[in-house]
Structures are given as structure tokens and as C-alpha cells.
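See below for coords00.cif, which holds mmCIF, C-alpha atoms and all ligand atoms.
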data_upload
#
loop_
_atom_site.label_atom_id
_atom_site.label_comp_id
_atom_site.auth_asym_id
_atom_site.auth_seq_id
_atom_site.Cartn_x
_atom_site.Cartn_y
_atom_site.Cartn_z
CA MET V 1 0.00 0.00 0.00
CA THR V 2 1.10 3.55 -0.69
CA PRO V 3 -1.40 5.46 1.48
CA GLU V 4 0.56 8.73 1.28
CA LYS V 5 -0.37 8.88 -2.42
CA SER V 6 -4.03 7.96 -2.03
CA VAL V 7 -6.58 10.48 -3.28
CA GLY V 8 -9.21 9.38 -0.75
CA SER V 9 -12.97 9.25 -1.15
CA PRO V 10 -14.80 12.56 -1.67
CA MET V 11 -18.04 10.95 -0.43
CA THR V 12 -19.08 10.64 3.21
CA ALA V 13 -19.89 7.26 4.71
CA GLN V 14 -23.56 8.27 4.80
CA GLN V 15 -23.55 9.20 1.11
CA ILE V 16 -21.91 5.90 0.17
CA LEU V 17 -24.41 3.95 2.25
CA ASP V 18 -27.34 5.85 0.74
CA ARG V 19 -26.09 5.04 -2.72
CA GLU V 20 -25.16 1.41 -2.15
CA PHE V 21 -27.67 0.13 0.43
CA LEU V 22 -30.21 -1.34 -1.97
CA GLU V 23 -27.45 -2.81 -4.13
CA VAL V 24 -25.81 -4.53 -1.15
CA ARG V 25 -29.18 -5.73 0.11
CA ALA V 26 -29.95 -7.24 -3.30
CA ARG V 27 -26.59 -8.98 -3.41
CA ILE V 28 -27.04 -10.49 0.03
CA VAL V 29 -30.48 -11.81 -0.97
CA LYS V 30 -28.95 -13.25 -4.13
CA ILE V 31 -26.29 -15.12 -2.15
CA ALA V 32 -28.92 -16.35 0.34
CA ALA V 33 -31.15 -17.62 -2.48
CA THR V 34 -28.20 -19.38 -4.11
CA LEU V 35 -27.29 -21.16 -0.86
CA ASP V 36 -30.95 -22.17 -0.42
CA ARG V 37 -31.03 -23.53 -3.96
CA ILE V 38 -27.93 -25.63 -3.33
CA ASP V 39 -29.42 -26.98 -0.08
CA ARG V 40 -32.71 -28.05 -1.58
CA SER V 41 -31.29 -29.62 -4.73
CA ALA V 42 -31.84 -33.37 -5.10
CA ALA V 43 -28.27 -34.58 -4.71
CA PRO V 44 -26.25 -33.02 -1.87
CA THR V 45 -23.12 -31.22 -3.03
CA ALA V 46 -19.94 -33.23 -3.05
CA ASP V 47 -17.80 -30.12 -3.42
CA ALA V 48 -17.18 -29.42 0.26
CA GLU V 49 -14.00 -27.49 -0.49
CA ARG V 50 -15.69 -24.76 -2.51
CA MET V 51 -18.60 -24.57 -0.07
CA GLU V 52 -16.08 -24.00 2.72
CA LEU V 53 -14.41 -21.22 0.69
CA ILE V 54 -17.78 -19.51 0.35
CA ARG V 55 -18.38 -19.84 4.11
CA GLN V 56 -14.96 -18.37 4.90
CA GLY V 57 -15.53 -15.57 2.39
CA LEU V 58 -18.77 -14.62 4.11
CA LEU V 59 -17.01 -14.63 7.49
CA LEU V 60 -14.38 -12.20 6.15
CA LEU V 61 -17.14 -9.73 5.32
CA LEU V 62 -18.19 -9.67 8.97
CA GLY V 63 -14.73 -8.59 10.14
CA ASN V 64 -13.56 -5.02 10.58
CA ALA V 65 -10.40 -5.20 8.48
CA PRO V 66 -9.83 -2.18 6.20
CA ASP V 67 -8.96 -4.44 3.23
CA ARG V 68 -11.78 -6.98 3.08
CA ALA V 69 -11.76 -7.00 -0.75
CA ARG V 70 -8.06 -7.94 -0.76
CA GLN V 71 -8.62 -10.60 1.91
CA VAL V 72 -11.45 -12.21 -0.04
CA GLN V 73 -9.30 -12.16 -3.19
CA MET V 74 -6.49 -13.91 -1.31
CA LEU V 75 -8.90 -16.52 0.07
CA PHE V 76 -9.81 -17.51 -3.48
CA SER V 77 -6.18 -17.51 -4.72
CA LEU V 78 -3.61 -20.25 -5.20
CA PRO V 79 -0.69 -19.82 -2.78
CA TYR V 80 2.66 -18.37 -3.92
CA GLN V 81 5.96 -19.88 -2.82
CA THR V 82 9.33 -18.30 -3.56
CA ASP V 83 10.90 -21.58 -4.71
CA TRP V 84 8.58 -21.96 -7.71
CA PRO V 85 11.49 -21.63 -10.23
CA GLN V 86 13.19 -24.70 -8.74
CA ARG V 87 9.97 -26.71 -8.50
CA LEU V 88 8.96 -25.82 -12.06
CA GLY V 89 12.49 -26.19 -13.44
CA VAL V 90 12.74 -22.60 -14.71
CA PRO V 91 16.06 -21.22 -13.43
CA LEU V 92 16.10 -17.44 -12.98
CA GLU V 93 19.77 -17.03 -12.06
CA ASN V 94 22.33 -15.50 -14.42
CA ARG V 95 19.78 -13.88 -16.66
CA GLY V 96 20.26 -10.56 -18.47
CA MET R 97 -13.39 14.05 -21.76
CA ASP R 98 -10.65 12.91 -24.15
CA TYR R 99 -9.31 9.54 -23.09
CA PHE R 100 -7.10 6.61 -24.12
CA ASP R 101 -8.05 2.96 -23.88
CA PRO R 102 -4.62 1.36 -23.38
CA HIS R 103 -5.85 -2.24 -23.73
CA ILE R 104 -8.59 -3.07 -26.21
CA HIS R 105 -8.82 -5.83 -28.82
CA MET R 106 -10.36 -3.98 -31.72
CA VAL R 107 -9.92 -6.85 -34.20
CA SER R 108 -12.91 -8.41 -32.42
CA ARG R 109 -15.01 -5.24 -32.48
CA THR R 110 -17.23 -3.75 -35.15
CA THR R 111 -16.78 -0.47 -36.97
CA ASP R 112 -19.83 0.73 -35.03
CA ASP R 113 -17.76 0.31 -31.86
CA TYR R 114 -15.11 2.64 -33.29
CA ALA R 115 -17.84 5.20 -33.96
CA THR R 116 -19.26 4.85 -30.43
CA LEU R 117 -15.84 5.16 -28.80
CA ALA R 118 -15.02 8.25 -30.90
CA ARG R 119 -18.29 9.87 -29.78
CA MET R 120 -17.46 9.10 -26.15
CA GLY R 121 -14.11 10.88 -26.33
CA CYS R 122 -11.68 8.09 -27.20
CA VAL R 123 -8.73 9.72 -28.98
CA GLY R 124 -6.27 6.83 -28.81
CA MET R 125 -6.07 3.15 -28.03
CA SER R 126 -3.50 0.40 -27.83
CA GLU R 127 -4.22 -3.13 -28.91
CA PRO R 128 -2.09 -5.95 -27.52
CA ALA R 129 -1.66 -9.13 -29.54
CA PHE R 130 -4.00 -11.72 -28.09
CA TRP R 131 -5.49 -15.18 -28.43
CA ALA R 132 -8.02 -15.53 -31.26
CA GLY R 133 -10.30 -17.87 -29.27
CA PHE R 134 -8.68 -20.85 -30.99
CA ASP R 135 -5.02 -21.83 -31.37
CA ARG R 136 -3.46 -20.52 -34.56
CA GLY R 137 -1.86 -23.21 -36.68
CA SER R 138 1.39 -21.62 -37.80
CA ALA R 139 3.75 -18.66 -37.57
CA ALA R 140 2.38 -17.48 -40.92
CA SER R 141 -0.98 -16.99 -39.25
CA PHE R 142 0.69 -14.64 -36.74
CA ARG R 143 2.38 -12.75 -39.56
CA ASP R 144 -1.06 -12.01 -41.04
CA TYR R 145 -2.37 -11.05 -37.58
CA PHE R 146 0.54 -8.63 -37.08
CA ARG R 147 -0.26 -7.07 -40.48
CA GLN R 148 -3.87 -6.67 -39.39
CA LEU R 149 -2.70 -4.95 -36.17
CA THR R 150 -0.17 -2.68 -37.83
CA GLU R 151 -2.03 -1.85 -41.06
CA PHE R 152 -5.75 -2.54 -41.18
CA GLU R 153 -6.83 -1.67 -37.61
CA ARG R 154 -4.69 1.45 -37.69
CA SER R 155 -6.49 2.76 -40.77
CA ARG R 156 -9.93 1.64 -39.52
CA ALA R 157 -9.35 3.64 -36.30
CA ALA R 158 -7.95 6.64 -38.18
CA SER R 159 -11.17 7.05 -40.13
CA TYR R 160 -12.85 7.81 -36.78
CA GLY R 161 -10.11 10.17 -35.61
CA ILE R 162 -8.69 7.59 -33.19
CA ALA R 163 -4.95 6.93 -33.01
CA HIS R 164 -4.36 3.16 -32.95
CA TYR R 165 -1.21 1.61 -31.45
CA THR R 166 -0.35 -2.03 -30.95
CA TRP R 167 1.83 -4.59 -29.16
CA LEU R 168 3.25 -7.79 -30.63
CA CYS R 169 3.82 -11.26 -29.13
CA ILE R 170 2.47 -14.77 -28.97
CA ASN R 171 0.01 -14.84 -26.08
CA ALA R 172 0.25 -17.03 -23.00
CA LYS R 173 -2.51 -19.43 -24.09
CA GLU R 174 -0.57 -20.41 -27.19
CA ALA R 175 2.78 -20.36 -25.38
CA GLU R 176 2.29 -24.01 -24.36
CA ASN R 177 3.58 -24.69 -27.87
CA VAL R 178 7.20 -23.63 -27.31
CA GLU R 179 8.32 -24.46 -30.83
CA LEU R 180 5.65 -22.28 -32.46
CA SER R 181 6.31 -19.55 -29.88
CA ARG R 182 9.98 -19.42 -30.83
CA GLU R 183 9.10 -19.11 -34.51
CA VAL R 184 6.80 -16.19 -33.73
CA ILE R 185 9.32 -14.48 -31.44
CA ALA R 186 11.95 -14.77 -34.18
CA MET R 187 9.55 -13.06 -36.63
CA ILE R 188 8.52 -10.12 -34.39
CA PRO R 189 11.60 -7.94 -35.24
CA GLU R 190 10.30 -7.72 -38.85
CA PHE R 191 7.45 -5.57 -37.47
CA LEU R 192 9.25 -3.56 -34.80
CA ASP R 193 9.90 -0.56 -37.01
CA ARG R 194 6.22 -0.09 -37.89
CA PRO R 195 5.04 3.32 -36.67
CA ASN R 196 2.15 2.17 -34.44
CA VAL R 197 4.06 -0.59 -32.59
CA LEU R 198 4.60 0.29 -28.92
CA GLY R 199 6.50 -2.82 -27.85
CA ILE R 200 6.09 -6.44 -26.75
CA GLY R 201 2.73 -7.60 -25.34
CA GLU R 202 0.51 -8.78 -23.96
CA ILE R 203 2.92 -11.39 -22.67
CA GLY R 204 2.45 -13.18 -19.38
CA LEU R 205 1.01 -16.30 -17.84
CA ASN R 206 -2.33 -18.05 -18.13
CA LYS R 207 -2.13 -21.29 -16.12
CA ASN R 208 1.30 -20.54 -14.60
CA THR R 209 3.04 -23.47 -16.33
CA LYS R 210 6.68 -24.18 -17.12
CA ASN R 211 6.26 -23.64 -20.87
CA GLU R 212 4.41 -20.35 -20.35
CA SER R 213 7.27 -19.20 -18.09
CA ILE R 214 9.93 -20.20 -20.63
CA VAL R 215 8.18 -18.34 -23.45
CA PHE R 216 7.60 -15.33 -21.18
CA LEU R 217 11.34 -15.18 -20.39
CA GLU R 218 12.20 -15.39 -24.09
CA HIS R 219 9.85 -12.48 -24.81
CA LEU R 220 11.57 -10.48 -22.04
CA ASP R 221 14.89 -11.23 -23.69
CA LEU R 222 13.56 -9.95 -27.03
CA ALA R 223 12.26 -6.76 -25.38
CA ALA R 224 15.59 -6.17 -23.63
CA LYS R 225 17.61 -6.70 -26.82
CA TYR R 226 15.47 -4.26 -28.80
CA ASN R 227 14.88 -1.84 -25.91
CA GLU R 228 11.10 -2.22 -26.23
CA LEU R 229 8.31 -1.36 -23.78
CA ILE R 230 6.50 -4.34 -22.28
CA LEU R 231 2.76 -4.90 -21.65
CA ILE R 232 1.92 -7.81 -19.37
CA HIS R 233 -1.17 -10.00 -19.06
CA THR R 234 -1.71 -11.48 -15.60
CA PRO R 235 -3.88 -14.59 -15.21
CA HIS R 236 -7.44 -14.46 -13.98
CA LEU R 237 -9.33 -15.74 -10.94
CA HIS R 238 -7.52 -18.18 -8.63
CA ASP R 239 -4.36 -18.13 -10.79
CA LYS R 240 -3.93 -14.35 -10.66
CA TYR R 241 -2.04 -13.91 -7.40
CA LEU R 242 0.43 -16.75 -7.98
CA GLY R 243 0.89 -15.80 -11.64
CA THR R 244 1.45 -12.13 -10.86
CA ARG R 245 4.10 -12.97 -8.23
CA MET R 246 5.82 -15.33 -10.69
CA ILE R 247 5.79 -12.62 -13.37
CA LEU R 248 7.28 -10.05 -10.95
CA ASP R 249 10.02 -12.54 -9.98
CA MET R 250 10.90 -13.05 -13.64
CA LEU R 251 10.87 -9.31 -14.39
CA VAL R 252 13.18 -8.39 -11.52
CA SER R 253 15.54 -11.26 -12.37
CA ASP R 254 16.52 -9.45 -15.59
CA ALA R 255 18.69 -6.44 -14.71
CA ARG R 256 18.37 -5.04 -18.24
CA LEU R 257 14.66 -4.25 -17.78
CA GLU R 258 13.66 -0.84 -16.47
CA ARG R 259 10.58 -1.11 -14.29
CA HIS R 260 9.05 2.19 -15.43
CA ARG R 261 8.96 0.76 -18.96
CA VAL R 262 6.77 -2.22 -18.00
CA LEU R 263 2.98 -2.11 -17.49
CA VAL R 264 1.44 -5.03 -15.59
CA ASP R 265 -2.21 -5.35 -16.56
CA HIS R 266 -5.38 -6.82 -15.04
CA VAL R 267 -4.32 -5.91 -11.48
CA GLU R 268 -6.94 -6.32 -8.75
CA GLU R 269 -7.09 -5.60 -5.02
CA HIS R 270 -4.61 -8.35 -4.09
CA THR R 271 -1.99 -7.61 -6.78
CA ILE R 272 -2.00 -3.83 -7.34
CA GLY R 273 0.09 -2.96 -4.27
CA GLU R 274 2.98 -5.28 -5.11
CA VAL R 275 3.10 -4.08 -8.74
CA LEU R 276 3.14 -0.36 -7.88
CA ASP R 277 5.44 -0.72 -4.86
CA ARG R 278 8.07 -2.37 -7.06
CA GLY R 279 8.04 0.54 -9.51
CA PHE R 280 6.04 -0.96 -12.38
CA TRP R 281 3.01 0.59 -14.07
CA ALA R 282 -0.34 -1.06 -13.38
CA GLY R 283 -3.48 -1.44 -15.48
CA MET R 284 -6.98 -2.17 -14.18
CA THR R 285 -9.15 -4.02 -16.67
CA LEU R 286 -12.88 -3.43 -16.36
CA TYR R 287 -15.27 -6.25 -17.16
CA PRO R 288 -19.05 -6.09 -17.12
CA VAL R 289 -19.66 -9.34 -15.22
CA SER R 290 -16.86 -11.00 -13.27
CA LYS R 291 -13.50 -9.45 -12.36
CA CYS R 292 -12.91 -5.73 -11.81
CA THR R 293 -15.81 -3.25 -12.07
CA PRO R 294 -15.64 0.55 -12.61
CA ALA R 295 -16.57 1.02 -8.93
CA ARG R 296 -13.76 -1.23 -7.68
CA ALA R 297 -11.30 0.49 -10.03
CA ALA R 298 -12.36 3.84 -8.54
CA ASP R 299 -11.84 2.32 -5.06
CA MET R 300 -8.28 1.35 -6.01
CA VAL R 301 -7.56 4.87 -7.31
CA GLU R 302 -8.81 6.25 -3.98
CA GLN R 303 -6.55 3.86 -2.05
CA PHE R 304 -3.42 3.77 -4.22
CA GLY R 305 -3.44 7.17 -5.92
CA THR R 306 -3.08 8.04 -9.58
CA GLU R 307 0.67 7.51 -10.13
CA ARG R 308 1.51 4.89 -12.78
CA LEU R 309 -2.09 3.65 -12.86
CA CYS R 310 -4.28 3.20 -15.96
CA VAL R 311 -7.72 1.74 -16.72
CA ASN R 312 -8.79 -0.18 -19.80
CA SER R 313 -11.72 -2.13 -21.20
CA ALA R 314 -9.99 -5.23 -22.67
CA GLY R 315 -12.89 -5.12 -25.16
CA ASP R 316 -12.32 -8.49 -26.77
CA TRP R 317 -14.46 -11.20 -28.39
CA GLY R 318 -15.75 -12.42 -25.00
CA PRO R 319 -18.28 -10.66 -22.78
CA SER R 320 -16.77 -7.19 -22.43
CA GLN R 321 -17.71 -3.55 -22.84
CA PRO R 322 -15.59 -1.41 -25.14
CA THR R 323 -17.10 1.62 -23.36
CA ALA R 324 -15.79 0.58 -19.93
CA VAL R 325 -13.38 3.53 -19.63
CA PRO R 326 -16.20 6.10 -20.05
CA ASN R 327 -18.11 4.09 -17.42
CA PHE R 328 -15.13 4.53 -15.08
CA ILE R 329 -15.03 8.28 -15.84
CA PHE R 330 -18.74 8.49 -14.99
CA GLU R 331 -18.26 6.58 -11.73
CA MET R 332 -15.39 8.87 -10.68
CA ARG R 333 -17.50 11.96 -11.48
CA ARG R 334 -20.48 10.62 -9.53
CA ARG R 335 -18.21 10.28 -6.50
CA GLY R 336 -17.07 13.87 -6.84
CA HIS R 337 -13.50 13.37 -7.99
CA SER R 338 -11.91 16.30 -9.83
CA GLU R 339 -11.60 16.35 -13.60
CA ALA R 340 -7.83 16.63 -13.12
CA THR R 341 -7.70 13.38 -11.13
CA ILE R 342 -9.80 11.53 -13.71
CA ARG R 343 -7.89 12.96 -16.64
CA LYS R 344 -4.58 11.87 -15.12
CA VAL R 345 -5.71 8.23 -15.05
CA VAL R 346 -7.49 8.02 -18.41
CA TYR R 347 -5.38 10.38 -20.53
CA GLU R 348 -2.12 11.68 -19.10
CA ASN R 349 -0.92 8.37 -17.66
CA PRO R 350 -1.27 6.25 -20.81
CA LEU R 351 0.34 9.08 -22.80
CA ALA R 352 3.27 9.27 -20.37
CA PHE R 353 3.79 5.51 -20.54
CA PHE R 354 3.54 5.34 -24.35
CA ARG R 355 5.87 8.34 -24.79
CA GLN R 356 8.70 6.15 -23.54
CA CYS R 357 8.53 4.34 -26.90
CA HIS R 358 10.82 6.12 -29.38
CA ARG R 359 8.38 5.52 -32.25
CA PHE R 360 5.37 6.96 -30.42
CA GLN R 361 3.80 10.01 -32.00
CA PHE R 362 0.52 11.62 -31.00
CA SER R 363 -1.03 15.01 -31.67
CA PRO R 364 -3.47 16.07 -28.93
CA ARG R 365 -6.74 17.60 -30.09
CA GLN R 366 -6.54 21.39 -30.23
ZN ZN G 401 -5.96 -8.43 -23.55
#
Please go through the file and, once you have read it, give me the structure as C-alpha cells.
Ligand SMILES: [Zn+2]
Amino acid sequence: MTPEKSVGSPMTAQQILDREFLEVRARIVKIAATLDRIDRSAAPTADAERMELIRQGLLLLLGNAPDRARQVQMLFSLPYQTDWPQRLGVPLENRG
Amino acid sequence: MDYFDPHIHMVSRTTDDYATLARMGCVGMSEPAFWAGFDRGSAASFRDYFRQLTEFERSRAASYGIAHYTWLCINAKEAENVELSREVIAMIPEFLDRPNVLGIGEIGLNKNTKNESIVFLEHLDLAAKYNELILIHTPHLHDKYLGTRMILDMLVSDARLERHRVLVDHVEEHTIGEVLDRGFWAGMTLYPVSKCTPARAADMVEQFGTERLCVNSAGDWGPSQPTAVPNFIFEMRRRGHSEATIRKVVYENPLAFFRQCHRFQFSPRQ
């Protein structure tokens, strides 16, 4: 993050809420309806891993962190490890 | 407001789209070489594509008063075929003196594989040898974070590359900080359905500032909106951001990045 360069939001929290409330409400209902649809489908879902990701994603929204969007993105991301060049067999030494 | 779309695939758009973009204030665009939706069969097919990018699209755009620039490469999806990739990379220098070519792109990763990495490194070598600007595609969805970190590792491993001459595209909330902090340019790609929206792009401008940051539409043959940059301008205005702040992101920044290419020429509207 480079907060010293941020331009900030010209809108107040109240203005943002006024503008976004119905949109957020609609999205929450949409997620609720989707979860209901999964639950009442004939065959129970075998994909426990993705259901757990959804559950964890929803929990992140309830936190107070200032970067919830980044945290949700990371939750749904493959992990990065610094030794990938060795594991993949793509040496990065002595280039250029 | 006059603006640039620094990443739009006009070969998949209609002439009506050119007319719409011109009416909305688009004065320039850059079109990276991309996947056609199917794997091309030979290097000759790329030669024709590069002619389309450097000749036909340029004149199609010009008839609507839009300056068209382009980037050349074999994209990450076709990079699994290393042999074909090497043939294409060897051919690219034939086109590097064409007036609307800005550099090498969009190169990058798709599924973060060994072959994609090898071909990416060979493109970087080409760019370094010819002192070309670089435009980078980062993977989507769950591959994006890993792929972006791999790309940054490969970029910094080559001491010949100057970071201010590389733009890393399709950044989102979890990758933008790393790209900007390391001195690269960053592009936010706006999609109508999944991925980044105009509102989230405006959020990132508010958090990360306007330095070295651009927005683009991607406007390709998939679900996409060629008018996404005007949508971003509208979102920024609705929030009350100044015209100067908006103009920096959609006009001055792409111009400043492109001006680093020695072939780049552009006459602003009077
Ligand atoms: Zn693209």
C-alpha cells in the first residue's frame, strides 16, 4: 500500500451507504437464495472445499479489516511460494 | 473528456464500436496481440495477424479520428507450444519498425506453467535486446495472485529491464500494491460481469493514488464492454473526484507511458 499517495474518497460514509444500500441488500439476498437452492437440490453437493471457501468468504465480510476485498481475493487464490522456479524447473539465475 | 483505452482488442469489435468510442471521447487506443479464441496453426498466421494490427486496424481507427497503437507477441494461451512460440518471437523484429508498434505484449502467464514461463522469459529477452516497452497479461481468478508474483520474480531477475517501462495489466485488489510498490506501471481491466468493475477500479484509485495507474476495457471477443473507460469516468465523477484526477488516469498516464517508446507520436486535439 502507498497510502501517502491515495486520493481518498470525496463521499461521506452516509452518502456511500445511501447510494449502495439497496445494491448490497440485493446482493445479500442473491447469495442467500443461491445457498438455499444448493441446499434443496436433489443430490447433496460433493464439493465441500468450494462450499467452505464460500463460508470463509462470508465470514471475512463480517470482520472489521480495512482491506476486506483484498482478503477475499487472497482466500480464493492459489498460494505463492518463492521456490517456484526450482519446482517448475525454470532457473532465474544469471539472466540478463 | 478525451481519453485513451490502453488495452482493447479492436480486431474483435465492429466499426460501429469505433464510432461509439469516438463519440465518447476516445482519442487513442493500444491493442495488444492476443489469443483468437482458438489456437493458430502456424507462424504465418501470426504474420497475417501482425499485419492486421499494424495496417488494417490502424487505418480503420484513423477514419474515426482515433490513433491506434499495438503490441506484438504470442500470447500465453498459445505459449504451451514452445516451438511455435519461438518461430513467432523470431519473426517479431520484422514488425518492430512499424510506426504504431509500442512494444512487446501482452505477454504473461495463463495457467502458470513451465512452458508459459519459458516463453515469457524469451519475450523479455527480445524486449531487452530491442529496448522495447512491455505490456503484461496477468492470469485471472484463482491463478492471478500466484501468476502475478511469478511474473514479478521473472521481471526483476533481468537487470536489463527498467521497471518504469513495463505495465502489468489486469491488477486487482490483491496484486496492485505489489506491482506499484516495485516501480512498475499497473493497469486495471474493467469487465461487465466477473473481475474488476468501474466502482472497484475507482476504489483502487482512492486507495493507491493516480501515479503509474491506468484503466482499460480489454474489449475483446468475449463478454466485455468497449465503453468501460467512459463508465469509469462516470463513476469517478459521480463520486465527486476532480476532472484533473480523472484525466490523469485516463489520458495523461497512458500518454506518459507510451511516450517512452521512441516511435510513439501523438497530436493532442486542439
Ligand atoms: Zn488483452
ask   = Given a cut-off of 10 Å, what residues near ligand ZN 401 (chain G) show up using all atoms listed in the file, put as a PyMOL selection string?
value = chain R and resi 102-105+127-131+171+201-203+231-234+265-266+285+312-316
request  = Can you check which residues of chain V have any atom within 6 Å of chain R? Use only C-alpha atoms and format it as a PyMOL selection string.
outcome  = chain V and resi 1-2+5-10+70+76-78+80+88+95-96
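The closest residue to R:Ala118, picked from R:Tyr287, R:Thr323, R:Ile200, R:Leu309 and counting only C-alpha atoms, is R:Thr323.
Nearest residue to R:Val197 among R:Arg365, R:His219, R:Arg147, R:Arg359 is R:Arg359, counting only C-alpha atoms.
Straight-line separation from atom CA of R:Thr110 to atom CA of R:Ala157: 10.9 Å.
Nearest to V:Glu20 of all the residues R:Leu117, R:Ala175, R:Leu286, R:Ala295 is R:Ala295, based on only C-alpha atoms.
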ask   = Separation of atom CA of V:Ile16 and atom CA of R:Val325, in Å?
value = 21.7 Å
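Take atom CA of R:Glu151 and atom CA of R:Lys173: the distance between them is 24.4 Å.
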ask   = Hey, which of R:Cys292, R:Val264, R:Cys169, R:Cys357 ends up closest to R:Phe328? Count all atoms listed in the file.
value = R:Cys292
inquiry  = Would you pick out the contacts of V:Arg55 at 12 Å or less, using all atoms listed in the file, so that residues sharing its chain but fewer than 5 positions from it are not included, and give the list as a PyMOL selection string?
reply    = chain V and resi 31-32+35+48-50+60-62+72+75-76
Stretch 201-214 of chain R, all listed atoms, 6 Å padding on each side: what axis-aligned box centre and edge lengths in Å to one decimal come out, as AutoDock Vina command-line options?
--center_x 3.8 --center_y -15.9 --center_z -20.0 --size_x 24.3 --size_y 28.6 --size_z 22.7
ask   = What lies within 10 Å of R:Met187 using only C-alpha atoms, ignoring chain neighbours under 2 positions off, as a PyMOL selection string?
value = chain R and resi 139-140+142-143+169+181-185+189-192
Same residues, C-alpha atoms, saved as a CSV table (one decimal), in the coordinates of the input:
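New file out.csv:
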chain,number,residue,atom,x,y,z
R,139,ALA,CA,3.8,-18.7,-37.6
R,140,ALA,CA,2.4,-17.5,-40.9
R,142,PHE,CA,0.7,-14.6,-36.7
R,143,ARG,CA,2.4,-12.8,-39.6
R,169,CYS,CA,3.8,-11.3,-29.1
R,181,SER,CA,6.3,-19.6,-29.9
R,182,ARG,CA,10.0,-19.4,-30.8
R,183,GLU,CA,9.1,-19.1,-34.5
R,184,VAL,CA,6.8,-16.2,-33.7
R,185,ILE,CA,9.3,-14.5,-31.4
R,189,PRO,CA,11.6,-7.9,-35.2
R,190,GLU,CA,10.3,-7.7,-38.8
R,191,PHE,CA,7.4,-5.6,-37.5
R,192,LEU,CA,9.2,-3.6,-34.8
Show me, as a PDB file with C-alpha atoms, in the frame of the given file, the residues that have an atom within 7 Å of R:Asp98 when counting all atoms listed in the file, minus same-chain residues fewer than 6 positions from it.
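To be explicit, this is the file written out as part-v9.pdb:
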ATOM      1  CA  GLY R 121     -14.110  10.880 -26.330  1.00  0.00           C
ATOM      2  CA  CYS R 122     -11.680   8.090 -27.200  1.00  0.00           C
ATOM      3  CA  VAL R 123      -8.730   9.720 -28.980  1.00  0.00           C
ATOM      4  CA  TYR R 347      -5.380  10.380 -20.530  1.00  0.00           C
TER       5      TYR R 347
END
query = Which one of R:Val275, R:Leu222, R:Ile162, R:Val262 sits closest to R:Tyr99 if you count all atoms listed in the file?
reply = R:Ile162
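Here the question is which of V:Arg40, V:Thr34, V:Met74, V:Phe21 gets nearest to V:Leu53 using only C-alpha atoms, and that residue is V:Met74.
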Quick one: stretch 8-14 of chain V with all heavy atoms, as a PDB file, keeping the file's coordinate frame?
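Written file, rebuild_39.pdb:
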ATOM      1  N   GLY V   8      -8.110   9.405  -1.702  1.00  0.00           N
ATOM      2  CA  GLY V   8      -9.210   9.380  -0.750  1.00  0.00           C
ATOM      3  C   GLY V   8     -10.574   9.405  -1.428  1.00  0.00           C
ATOM      4  O   GLY V   8     -10.676   9.557  -2.638  1.00  0.00           O
ATOM      5  N   SER V   9     -11.612   9.243  -0.613  1.00  0.00           N
ATOM      6  CA  SER V   9     -12.970   9.250  -1.150  1.00  0.00           C
ATOM      7  C   SER V   9     -13.617  10.597  -0.871  1.00  0.00           C
ATOM      8  O   SER V   9     -13.656  11.050   0.265  1.00  0.00           O
ATOM      9  CB  SER V   9     -13.797   8.147  -0.489  1.00  0.00           C
ATOM     10  OG  SER V   9     -15.165   8.331  -0.817  1.00  0.00           O
ATOM     11  N   PRO V  10     -14.126  11.278  -1.921  1.00  0.00           N
ATOM     12  CA  PRO V  10     -14.800  12.560  -1.670  1.00  0.00           C
ATOM     13  C   PRO V  10     -16.163  12.376  -1.001  1.00  0.00           C
ATOM     14  O   PRO V  10     -16.747  13.347  -0.531  1.00  0.00           O
ATOM     15  CB  PRO V  10     -14.992  13.146  -3.075  1.00  0.00           C
ATOM     16  CG  PRO V  10     -14.287  12.239  -4.024  1.00  0.00           C
ATOM     17  CD  PRO V  10     -14.114  10.931  -3.341  1.00  0.00           C
ATOM     18  N   MET V  11     -16.692  11.166  -0.963  1.00  0.00           N
ATOM     19  CA  MET V  11     -18.040  10.950  -0.430  1.00  0.00           C
ATOM     20  C   MET V  11     -17.965  10.620   1.066  1.00  0.00           C
ATOM     21  O   MET V  11     -17.019   9.975   1.524  1.00  0.00           O
ATOM     22  CB  MET V  11     -18.731   9.790  -1.168  1.00  0.00           C
ATOM     23  CG  MET V  11     -18.952  10.059  -2.643  1.00  0.00           C
ATOM     24  SD  MET V  11     -19.585   8.602  -3.504  1.00  0.00           S
ATOM     25  CE  MET V  11     -21.317   8.670  -3.042  1.00  0.00           C
ATOM     26  N   THR V  12     -18.990  11.012   1.806  1.00  0.00           N
ATOM     27  CA  THR V  12     -19.080  10.640   3.210  1.00  0.00           C
ATOM     28  C   THR V  12     -19.601   9.210   3.316  1.00  0.00           C
ATOM     29  O   THR V  12     -20.189   8.685   2.360  1.00  0.00           O
ATOM     30  CB  THR V  12     -20.046  11.564   3.975  1.00  0.00           C
ATOM     31  OG1 THR V  12     -21.362  11.345   3.444  1.00  0.00           O
ATOM     32  CG2 THR V  12     -19.657  13.019   3.822  1.00  0.00           C
ATOM     33  N   ALA V  13     -19.388   8.609   4.491  1.00  0.00           N
ATOM     34  CA  ALA V  13     -19.890   7.260   4.710  1.00  0.00           C
ATOM     35  C   ALA V  13     -21.397   7.205   4.492  1.00  0.00           C
ATOM     36  O   ALA V  13     -21.929   6.256   3.904  1.00  0.00           O
ATOM     37  CB  ALA V  13     -19.525   6.788   6.118  1.00  0.00           C
ATOM     38  N   GLN V  14     -22.103   8.242   4.954  1.00  0.00           N
ATOM     39  CA  GLN V  14     -23.560   8.270   4.800  1.00  0.00           C
ATOM     40  C   GLN V  14     -23.963   8.304   3.332  1.00  0.00           C
ATOM     41  O   GLN V  14     -24.883   7.606   2.903  1.00  0.00           O
ATOM     42  CB  GLN V  14     -24.149   9.483   5.545  1.00  0.00           C
ATOM     43  CG  GLN V  14     -25.665   9.502   5.588  1.00  0.00           C
ATOM     44  CD  GLN V  14     -26.243   8.290   6.322  1.00  0.00           C
ATOM     45  OE1 GLN V  14     -25.778   7.947   7.405  1.00  0.00           O
ATOM     46  NE2 GLN V  14     -27.218   7.619   5.719  1.00  0.00           N
TER      47      GLN V  14
END
